[in-house]
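Shown next: start.tsv, given as TSV, C-alpha atoms.
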chain	number	residue	atom	x	y	z
A	1	MET	CA	9.60	1.45	18.53
A	2	LEU	CA	5.95	1.02	17.58
A	3	THR	CA	4.84	-1.06	20.55
A	4	GLY	CA	1.15	-0.53	21.22
A	5	LYS	CA	0.41	0.70	17.70
A	6	THR	CA	-1.94	-1.04	15.26
A	7	VAL	CA	-0.98	-1.11	11.59
A	8	VAL	CA	-3.28	-2.27	8.77
A	9	VAL	CA	-1.61	-3.42	5.54
A	10	THR	CA	-3.73	-4.24	2.51
A	11	GLY	CA	-2.15	-6.61	0.03
A	12	GLY	CA	-0.18	-7.62	3.09
A	13	SER	CA	0.49	-11.27	2.38
A	14	ARG	CA	3.00	-10.85	-0.45
A	15	GLY	CA	5.48	-8.52	-2.10
A	16	LEU	CA	5.93	-5.04	-0.67
A	17	GLY	CA	3.04	-5.58	1.73
A	18	ARG	CA	4.68	-8.63	3.23
A	19	ALA	CA	7.95	-6.74	3.67
A	20	MET	CA	6.14	-3.92	5.46
A	21	VAL	CA	4.27	-6.35	7.72
A	22	HIS	CA	7.62	-7.79	8.82
A	23	GLY	CA	9.14	-4.34	9.20
A	24	PHE	CA	6.40	-3.00	11.46
A	25	ALA	CA	6.05	-6.20	13.48
A	26	GLU	CA	9.80	-6.27	14.10
A	27	ARG	CA	9.43	-2.88	15.73
A	28	GLY	CA	6.65	-4.01	18.04
A	29	ALA	CA	3.48	-3.06	16.21
A	30	SER	CA	0.38	-5.22	16.04
A	31	VAL	CA	-0.36	-5.88	12.38
A	32	VAL	CA	-3.52	-6.58	10.43
A	33	ILE	CA	-2.68	-8.56	7.29
A	34	ALA	CA	-5.38	-8.19	4.66
A	35	SER	CA	-5.63	-9.74	1.21
A	36	ARG	CA	-8.00	-11.83	-0.86
A	37	LYS	CA	-6.43	-15.15	0.14
A	38	PHE	CA	-7.05	-15.84	3.81
A	39	GLU	CA	-4.72	-18.83	3.99
A	40	SER	CA	-1.78	-16.71	2.82
A	41	CYS	CA	-2.63	-14.07	5.43
A	42	LYS	CA	-2.96	-16.72	8.13
A	43	ALA	CA	0.38	-18.33	7.31
A	44	LEU	CA	2.17	-14.97	7.46
A	45	ALA	CA	0.37	-14.00	10.68
A	46	GLU	CA	1.54	-17.19	12.38
A	47	GLN	CA	5.09	-16.59	11.21
A	48	VAL	CA	5.05	-12.98	12.41
A	49	GLU	CA	3.63	-13.84	15.83
A	50	ASP	CA	6.21	-16.56	16.32
A	51	ARG	CA	9.14	-14.43	15.19
A	52	TYR	CA	8.35	-11.07	16.78
A	53	SER	CA	5.97	-11.94	19.66
A	54	VAL	CA	3.37	-9.40	18.49
A	55	ARG	CA	-0.25	-9.86	17.58
A	56	ALA	CA	-0.97	-10.43	13.89
A	57	LEU	CA	-4.55	-10.62	12.65
A	58	PRO	CA	-5.21	-12.21	9.24
A	59	LEU	CA	-8.30	-10.92	7.44
A	60	ALA	CA	-9.63	-11.88	4.03
A	61	CYS	CA	-10.59	-8.77	2.09
A	62	ASN	CA	-11.21	-8.13	-1.57
A	63	VAL	CA	-10.62	-4.38	-1.56
A	64	SER	CA	-12.44	-3.97	-4.88
A	65	ASP	CA	-15.63	-4.59	-2.89
A	66	TRP	CA	-16.89	-1.47	-1.08
A	67	ASP	CA	-18.58	-3.43	1.68
A	68	GLU	CA	-15.50	-5.58	2.33
A	69	CYS	CA	-13.45	-2.42	2.81
A	70	THR	CA	-15.99	-1.30	5.39
A	71	ALA	CA	-15.84	-4.69	7.10
A	72	LEU	CA	-12.02	-4.60	7.21
A	73	ILE	CA	-12.03	-1.35	9.16
A	74	GLU	CA	-14.86	-2.44	11.43
A	75	LYS	CA	-13.21	-5.78	12.24
A	76	THR	CA	-9.91	-4.07	13.00
A	77	LEU	CA	-11.56	-1.58	15.33
A	78	GLY	CA	-13.48	-4.40	16.98
A	79	GLU	CA	-10.30	-6.38	17.64
A	80	PHE	CA	-7.88	-3.59	18.54
A	81	GLY	CA	-10.04	-0.59	19.41
A	82	GLY	CA	-8.08	1.69	17.12
A	83	ILE	CA	-5.98	2.10	13.97
A	84	ASP	CA	-2.73	4.04	14.09
A	85	VAL	CA	-1.42	3.39	10.59
A	86	LEU	CA	-3.24	2.39	7.40
A	87	ILE	CA	-1.10	1.28	4.47
A	88	ASN	CA	-3.06	1.18	1.21
A	89	ASN	CA	-0.77	-1.24	-0.59
A	90	ALA	CA	-3.12	-3.59	-2.47
A	91	GLY	CA	-2.94	-3.13	-6.21
A	92	LEU	CA	-3.14	-4.84	-9.57
A	93	SER	CA	-2.42	-4.12	-13.21
A	94	PRO	CA	-3.70	-6.89	-15.51
A	95	LEU	CA	-2.05	-7.35	-18.87
A	96	TYR	CA	-3.98	-6.57	-22.04
A	97	PRO	CA	-3.06	-7.03	-25.71
A	98	SER	CA	-3.71	-3.43	-26.79
A	99	LEU	CA	-5.50	-0.34	-25.55
A	100	ASP	CA	-8.52	-0.93	-27.76
A	101	GLN	CA	-8.85	-4.39	-26.21
A	102	VAL	CA	-9.16	-3.09	-22.64
A	103	SER	CA	-12.57	-4.30	-21.50
A	104	GLU	CA	-14.96	-2.38	-19.33
A	105	ALA	CA	-14.62	-5.07	-16.67
A	106	LEU	CA	-10.81	-4.83	-16.63
A	107	PHE	CA	-10.87	-1.03	-16.46
A	108	ASP	CA	-13.43	-0.99	-13.66
A	109	LYS	CA	-11.51	-3.59	-11.65
A	110	VAL	CA	-8.25	-1.66	-11.92
A	111	ILE	CA	-9.94	1.53	-10.75
A	112	ALA	CA	-11.76	-0.31	-7.96
A	113	VAL	CA	-8.60	-1.84	-6.48
A	114	ASN	CA	-6.12	0.97	-7.05
A	115	LEU	CA	-8.26	4.06	-6.47
A	116	ARG	CA	-11.71	3.36	-5.08
A	117	ALA	CA	-10.43	1.08	-2.30
A	118	PRO	CA	-7.85	3.57	-0.99
A	119	PHE	CA	-10.57	6.22	-0.98
A	120	ARG	CA	-13.00	4.11	1.03
A	121	LEU	CA	-10.40	2.77	3.47
A	122	ALA	CA	-8.79	6.16	4.02
A	123	ALA	CA	-12.18	7.82	4.51
A	124	LEU	CA	-13.15	5.33	7.21
A	125	ALA	CA	-9.78	4.95	8.92
A	126	GLY	CA	-8.99	8.65	8.72
A	127	THR	CA	-12.29	9.64	10.28
A	128	HIS	CA	-11.58	7.28	13.16
A	129	MET	CA	-8.00	8.56	13.50
A	130	VAL	CA	-9.25	12.13	13.85
A	131	GLN	CA	-11.58	11.01	16.62
A	132	GLN	CA	-8.78	9.16	18.43
A	133	GLY	CA	-6.43	12.10	18.13
A	134	GLY	CA	-4.01	11.14	15.38
A	135	GLY	CA	-2.69	8.62	12.91
A	136	SER	CA	-0.96	8.12	9.59
A	137	ILE	CA	-2.28	6.96	6.22
A	138	ILE	CA	0.29	5.74	3.72
A	139	ASN	CA	-0.65	5.15	0.10
A	140	VAL	CA	1.60	2.99	-2.03
A	141	GLY	CA	1.75	4.56	-5.46
A	142	SER	CA	3.71	3.94	-8.62
A	143	ILE	CA	6.11	5.73	-10.94
A	144	GLU	CA	3.44	5.00	-13.57
A	145	ALA	CA	1.50	7.95	-12.12
A	146	ILE	CA	4.03	10.36	-13.66
A	147	ARG	CA	5.63	8.10	-16.30
A	148	PRO	CA	2.58	6.37	-17.83
A	149	GLY	CA	3.11	3.75	-20.48
A	150	PRO	CA	0.63	2.24	-22.94
A	151	ASP	CA	0.90	-1.22	-21.37
A	152	ALA	CA	-0.55	-0.12	-18.00
A	153	LEU	CA	-2.60	2.99	-18.72
A	154	PRO	CA	-5.68	2.31	-16.55
A	155	TYR	CA	-3.32	1.51	-13.66
A	156	ALA	CA	-1.32	4.67	-14.28
A	157	ALA	CA	-4.49	6.76	-14.28
A	158	ALA	CA	-5.60	5.21	-10.98
A	159	LYS	CA	-2.22	5.85	-9.38
A	160	ALA	CA	-2.28	9.46	-10.59
A	161	GLY	CA	-5.66	9.76	-8.92
A	162	LEU	CA	-4.06	8.47	-5.74
A	163	HIS	CA	-1.93	11.62	-5.65
A	164	THR	CA	-5.12	13.68	-5.64
A	165	LEU	CA	-6.58	11.59	-2.83
A	166	THR	CA	-3.38	11.99	-0.85
A	167	GLU	CA	-3.50	15.77	-0.96
A	168	GLY	CA	-7.26	15.92	-0.46
A	169	PHE	CA	-7.30	13.63	2.57
A	170	ALA	CA	-4.31	15.47	4.04
A	171	GLN	CA	-6.39	18.63	4.01
A	172	ALA	CA	-9.51	16.86	5.25
A	173	PHE	CA	-7.92	15.10	8.21
A	174	GLY	CA	-5.23	17.56	9.26
A	175	PRO	CA	-3.80	18.68	11.56
A	176	THR	CA	-3.86	15.45	13.58
A	177	VAL	CA	-3.78	12.85	10.79
A	178	ARG	CA	-1.07	12.81	8.13
A	179	VAL	CA	-1.58	11.32	4.65
A	180	ASN	CA	1.34	10.60	2.32
A	181	THR	CA	2.29	8.47	-0.68
A	182	ILE	CA	5.30	6.29	-1.41
A	183	GLN	CA	5.72	6.37	-5.17
A	184	CYS	CA	7.44	3.10	-6.03
A	185	GLY	CA	9.54	2.20	-9.00
A	186	PRO	CA	10.33	-1.37	-10.08
A	187	PHE	CA	10.78	-3.82	-7.21
A	188	LEU	CA	11.79	-7.47	-7.35
A	189	THR	CA	8.67	-8.92	-5.74
A	190	ASP	CA	6.95	-12.13	-6.78
A	191	ILE	CA	5.22	-10.14	-9.53
A	192	SER	CA	8.57	-9.51	-11.18
A	193	GLU	CA	8.99	-13.24	-11.66
A	194	ASN	CA	6.35	-13.02	-14.39
A	195	TRP	CA	7.98	-10.17	-16.30
A	196	THR	CA	8.58	-10.98	-19.95
A	197	PRO	CA	12.20	-11.66	-20.92
A	198	GLY	CA	14.33	-8.54	-21.10
A	199	VAL	CA	12.05	-6.32	-19.00
A	200	ARG	CA	14.26	-6.33	-15.93
A	201	GLU	CA	17.39	-5.64	-17.94
A	202	SER	CA	15.70	-2.77	-19.76
A	203	LEU	CA	14.48	-1.23	-16.53
A	204	GLU	CA	17.79	-1.54	-14.77
A	205	SER	CA	19.67	0.03	-17.67
A	206	SER	CA	17.47	3.12	-17.34
A	207	LEU	CA	17.74	3.58	-13.56
A	208	ALA	CA	20.35	5.83	-11.95
A	209	LEU	CA	21.11	3.07	-9.42
A	210	ALA	CA	21.25	0.50	-12.25
A	211	ARG	CA	19.13	-2.06	-10.39
A	212	CYS	CA	15.57	-2.79	-9.30
A	213	GLY	CA	14.59	-2.46	-5.66
A	214	ARG	CA	14.44	-5.16	-3.03
A	215	PRO	CA	11.10	-5.42	-1.18
A	216	GLU	CA	12.69	-4.62	2.18
A	217	GLU	CA	13.89	-1.30	0.76
A	218	VAL	CA	10.37	0.12	0.93
A	219	VAL	CA	10.14	-0.50	4.68
A	220	ASP	CA	12.15	2.51	5.86
A	221	ALA	CA	10.03	4.82	3.71
A	222	ALA	CA	6.88	3.40	5.30
A	223	LEU	CA	8.38	3.74	8.79
A	224	PHE	CA	9.32	7.33	8.02
A	225	PHE	CA	5.74	8.25	7.17
A	226	ALA	CA	4.30	6.19	10.04
A	227	THR	CA	6.34	7.86	12.78
A	228	GLY	CA	7.30	11.26	14.08
A	229	ALA	CA	10.29	11.27	11.76
A	230	SER	CA	7.90	12.76	9.18
A	231	SER	CA	6.01	15.01	11.60
A	232	PHE	CA	5.99	17.94	9.14
A	233	CYS	CA	5.04	15.85	6.08
A	234	THR	CA	1.49	15.49	4.83
A	235	GLY	CA	0.10	15.46	1.32
A	236	SER	CA	3.60	14.42	0.23
A	237	VAL	CA	4.80	12.04	-2.46
A	238	LEU	CA	8.14	10.32	-1.86
A	239	ARG	CA	9.78	8.72	-4.87
A	240	VAL	CA	11.41	5.37	-4.08
A	241	ASP	CA	12.32	4.34	-7.60
A	242	GLY	CA	16.08	3.95	-7.96
A	243	GLY	CA	16.34	7.15	-9.98
A	244	MET	CA	13.78	6.60	-12.71
A	245	PRO	CA	14.39	9.18	-15.47
Output the structure of this file as structure tokens.
Amino acid sequence: MLTGKTVVVTGGSRGLGRAMVHGFAERGASVVIASRKFESCKALAEQVEDRYSVRALPLACNVSDWDECTALIEKTLGEFGGIDVLINNAGLSPLYPSLDQVSEALFDKVIAVNLRAPFRLAALAGTHMVQQGGGSIINVGSIEAIRPGPDALPYAAAKAGLHTLTEGFAQAFGPTVRVNTIQCGPFLTDISENWTPGVRESLESSLALARCGRPEEVVDAALFFATGASSFCTGSVLRVDGGMP
């Protein structure tokens, strides 16, 4: 059980983030649900509080903004007095027609959301966790970090950088704070509903398990890294990808 623990989930109102919010709340944790759209966070917070009888705090946060990352941590500490688990889940990978058509603005936004934000949030939350005596930071990565494709190259580069942050922060904040990454493969979140025809079938034909993941299947990996079950794991990358070749 995670009763008495405070868990922050960025990108928490949808997809994998939403599944993890439910998973942690079901086990008694207070949850901070952060994303750009406050109304979506609020609706999920009300649902979570009603279903699990825990506290759920909705916070609007555009993680691509350095100052909003700072405010997210400060507001959480102001409301709960501490942070036990930070899940850097927010991410995006905009489509582009070709590599030479990737604009500076698109590239910078992808790096800001997928790499700069986890750095800032982990730096702030991890420093606090050291002071409070412990905690866990969980980064949500992507198979793109080790299997980059031309259709998501800035995203892949950012996620590869996340591996470096994971190991670096593990060294910086150890021995009391653990920092790990869940490296995700294809999951059937709301984003998958916009895949072009044939993408799902192509992916599933290449996976050892012959199917894409369900959002709730990431929850146990997050719980593993958040609890003593992973007490000897830090700087680690766990592949949750259905057997991506």
Excluding stretch 68-83 of chain A and residues on its chain fewer than 6 positions from it, collect all residues at most 10 Å away from it, counting only C-alpha atoms, and give them as a ChimeraX atom specification.
-> /A:4-8,10,30-32,34,55,57,59-62,116-126,128-129,131-132,134-137
Atom CA of A:Val179 to atom CA of A:Val85 measures 9.9 Å
Contacts of A:Gly185 within 8 Å, only C-alpha atoms, excl. fewer than 4 positions in-chain, as a PDB file with C-alpha atoms, in the frame of the given file:
ATOM      1  CA  SER A 142       3.710   3.940  -8.620  1.00  0.00           C
ATOM      2  CA  ILE A 143       6.110   5.730 -10.940  1.00  0.00           C
ATOM      3  CA  CYS A 212      15.570  -2.790  -9.300  1.00  0.00           C
ATOM      4  CA  GLY A 213      14.590  -2.460  -5.660  1.00  0.00           C
ATOM      5  CA  ARG A 239       9.780   8.720  -4.870  1.00  0.00           C
ATOM      6  CA  VAL A 240      11.410   5.370  -4.080  1.00  0.00           C
ATOM      7  CA  ASP A 241      12.320   4.340  -7.600  1.00  0.00           C
ATOM      8  CA  GLY A 242      16.080   3.950  -7.960  1.00  0.00           C
ATOM      9  CA  MET A 244      13.780   6.600 -12.710  1.00  0.00           C
TER      10      MET A 244
END
Once you count only C-alpha atoms, which residues end up no further than 10 Å from (3.6, -5.9, 4.8) in the file's frame, shown as JSON, numbers by chain?
-> {"A": [7, 8, 9, 10, 11, 12, 13, 14, 15, 16, 17, 18, 19, 20, 21, 22, 23, 24, 25, 31, 32, 33, 34, 44, 87, 89, 215, 216, 218, 219, 222]}
Interface rows for stretch 170-194 of chain A against stretch 151-162 of chain A: nearest pair, Å to one decimal, 10 Å, only C-alpha atoms, as a Markdown table:
| residue | atom | partner | partner_atom | distance |
| --- | --- | --- | --- | --- |
| A:Asn180 | CA | A:Leu162 | CA | 9.9 |
| A:Thr181 | CA | A:Leu162 | CA | 8.1 |
| A:Gln183 | CA | A:Lys159 | CA | 9.0 |
Residues of the last selection are to be written out with C-alpha atoms, as an mmCIF file, in the coordinates of the input.
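This is the output file out_27.cif:
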data_model
loop_
_atom_site.group_PDB
_atom_site.id
_atom_site.type_symbol
_atom_site.label_atom_id
_atom_site.label_comp_id
_atom_site.auth_asym_id
_atom_site.auth_seq_id
_atom_site.Cartn_x
_atom_site.Cartn_y
_atom_site.Cartn_z
ATOM 1 C CA ASN A 180 1.340 10.600 2.320
ATOM 2 C CA THR A 181 2.290 8.470 -0.680
ATOM 3 C CA GLN A 183 5.720 6.370 -5.170
#
Residues at most 9 Å from A:Val54, counting only C-alpha atoms, excluding those fewer than 4 positions away in the same chain, as a PDB file with C-alpha atoms, keeping the file's coordinate frame?
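Result file is around14.pdb:
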ATOM      1  CA  THR A   3       4.840  -1.060  20.550  1.00  0.00           C
ATOM      2  CA  ALA A  25       6.050  -6.200  13.480  1.00  0.00           C
ATOM      3  CA  GLU A  26       9.800  -6.270  14.100  1.00  0.00           C
ATOM      4  CA  GLY A  28       6.650  -4.010  18.040  1.00  0.00           C
ATOM      5  CA  ALA A  29       3.480  -3.060  16.210  1.00  0.00           C
ATOM      6  CA  SER A  30       0.380  -5.220  16.040  1.00  0.00           C
ATOM      7  CA  VAL A  31      -0.360  -5.880  12.380  1.00  0.00           C
ATOM      8  CA  VAL A  48       5.050 -12.980  12.410  1.00  0.00           C
ATOM      9  CA  GLU A  49       3.630 -13.840  15.830  1.00  0.00           C
ATOM     10  CA  ASP A  50       6.210 -16.560  16.320  1.00  0.00           C
TER      11      ASP A  50
END
Please list as an mmCIF file with C-alpha atoms, keeping the file's coordinate frame every residue within 9 Å of A:Ser206, counting only C-alpha atoms and excluding residues in the same chain fewer than 5 positions away.
data_model
loop_
_atom_site.group_PDB
_atom_site.id
_atom_site.type_symbol
_atom_site.label_atom_id
_atom_site.label_comp_id
_atom_site.auth_asym_id
_atom_site.auth_seq_id
_atom_site.Cartn_x
_atom_site.Cartn_y
_atom_site.Cartn_z
ATOM 1 C CA GLU A 201 17.390 -5.640 -17.940
ATOM 2 C CA ARG A 211 19.130 -2.060 -10.390
ATOM 3 C CA GLY A 243 16.340 7.150 -9.980
ATOM 4 C CA MET A 244 13.780 6.600 -12.710
ATOM 5 C CA PRO A 245 14.390 9.180 -15.470
#
Taking only N, CA and C atoms, show stretch 201-230 of chain A of the given structure as a CSV table (one decimal), in the first residue's frame.
chain,number,residue,atom,x,y,z
A,201,GLU,N,-1.2,-2.8,-37.2
A,201,GLU,CA,-0.9,-4.1,-37.7
A,201,GLU,C,0.6,-4.4,-38.0
A,202,SER,N,1.2,-3.4,-38.5
A,202,SER,CA,2.7,-3.5,-38.8
A,202,SER,C,3.5,-3.7,-37.5
A,203,LEU,N,3.1,-2.9,-36.5
A,203,LEU,CA,3.8,-3.0,-35.2
A,203,LEU,C,3.5,-4.3,-34.5
A,204,GLU,N,2.3,-4.8,-34.5
A,204,GLU,CA,2.0,-6.0,-33.8
A,204,GLU,C,2.6,-7.2,-34.5
A,205,SER,N,2.8,-7.1,-35.8
A,205,SER,CA,3.4,-8.3,-36.5
A,205,SER,C,4.9,-8.4,-36.2
A,206,SER,N,5.5,-7.3,-35.7
A,206,SER,CA,6.9,-7.3,-35.4
A,206,SER,C,7.2,-7.6,-33.9
A,207,LEU,N,6.2,-7.6,-33.0
A,207,LEU,CA,6.4,-7.8,-31.6
A,207,LEU,C,6.3,-9.3,-31.2
A,208,ALA,N,7.2,-9.7,-30.3
A,208,ALA,CA,7.2,-11.0,-29.8
A,208,ALA,C,5.8,-11.5,-29.2
A,209,LEU,N,5.1,-10.5,-28.6
A,209,LEU,CA,3.8,-10.8,-28.0
A,209,LEU,C,2.7,-10.6,-29.0
A,210,ALA,N,3.0,-10.1,-30.2
A,210,ALA,CA,2.1,-10.0,-31.3
A,210,ALA,C,0.9,-9.1,-31.0
A,211,ARG,N,1.1,-8.1,-30.1
A,211,ARG,CA,0.0,-7.1,-29.8
A,211,ARG,C,0.7,-5.9,-29.2
A,212,CYS,N,-0.1,-4.8,-29.2
A,212,CYS,CA,0.3,-3.6,-28.6
A,212,CYS,C,-0.1,-3.6,-27.1
A,213,GLY,N,0.5,-2.8,-26.3
A,213,GLY,CA,0.2,-2.8,-24.8
A,213,GLY,C,-1.1,-2.1,-24.5
A,214,ARG,N,-1.7,-2.5,-23.4
A,214,ARG,CA,-2.8,-1.8,-22.8
A,214,ARG,C,-2.3,-0.8,-21.8
A,215,PRO,N,-2.9,0.4,-21.7
A,215,PRO,CA,-2.4,1.4,-20.7
A,215,PRO,C,-2.1,0.9,-19.3
A,216,GLU,N,-3.1,0.0,-18.8
A,216,GLU,CA,-2.9,-0.4,-17.5
A,216,GLU,C,-1.7,-1.4,-17.3
A,217,GLU,N,-1.1,-1.8,-18.4
A,217,GLU,CA,0.0,-2.7,-18.3
A,217,GLU,C,1.3,-2.0,-17.9
A,218,VAL,N,1.3,-0.7,-17.9
A,218,VAL,CA,2.5,0.1,-17.5
A,218,VAL,C,2.5,0.3,-16.0
A,219,VAL,N,1.3,0.1,-15.4
A,219,VAL,CA,1.1,0.4,-13.9
A,219,VAL,C,2.1,-0.4,-13.0
A,220,ASP,N,2.1,-1.7,-13.2
A,220,ASP,CA,2.9,-2.5,-12.4
A,220,ASP,C,4.4,-2.2,-12.5
A,221,ALA,N,4.9,-1.8,-13.7
A,221,ALA,CA,6.3,-1.3,-13.8
A,221,ALA,C,6.5,-0.1,-13.0
A,222,ALA,N,5.6,0.9,-13.0
A,222,ALA,CA,5.7,2.1,-12.2
A,222,ALA,C,5.6,1.8,-10.7
A,223,LEU,N,4.8,0.9,-10.3
A,223,LEU,CA,4.7,0.5,-8.9
A,223,LEU,C,6.0,-0.2,-8.5
A,224,PHE,N,6.6,-1.0,-9.3
A,224,PHE,CA,7.8,-1.6,-9.0
A,224,PHE,C,8.9,-0.6,-8.7
A,225,PHE,N,9.0,0.4,-9.5
A,225,PHE,CA,10.1,1.4,-9.3
A,225,PHE,C,9.7,2.4,-8.2
A,226,ALA,N,8.5,2.5,-7.8
A,226,ALA,CA,8.0,3.4,-6.8
A,226,ALA,C,8.2,2.9,-5.4
A,227,THR,N,8.3,1.6,-5.3
A,227,THR,CA,8.2,0.9,-4.0
A,227,THR,C,9.5,0.1,-3.7
A,228,GLY,N,9.6,-0.5,-2.5
A,228,GLY,CA,10.7,-1.2,-2.1
A,228,GLY,C,11.0,-2.5,-2.9
A,229,ALA,N,10.0,-2.8,-3.8
A,229,ALA,CA,10.2,-4.0,-4.7
A,229,ALA,C,11.5,-3.8,-5.6
A,230,SER,N,11.8,-2.5,-5.8
A,230,SER,CA,13.0,-2.2,-6.6
A,230,SER,C,14.1,-1.6,-5.8
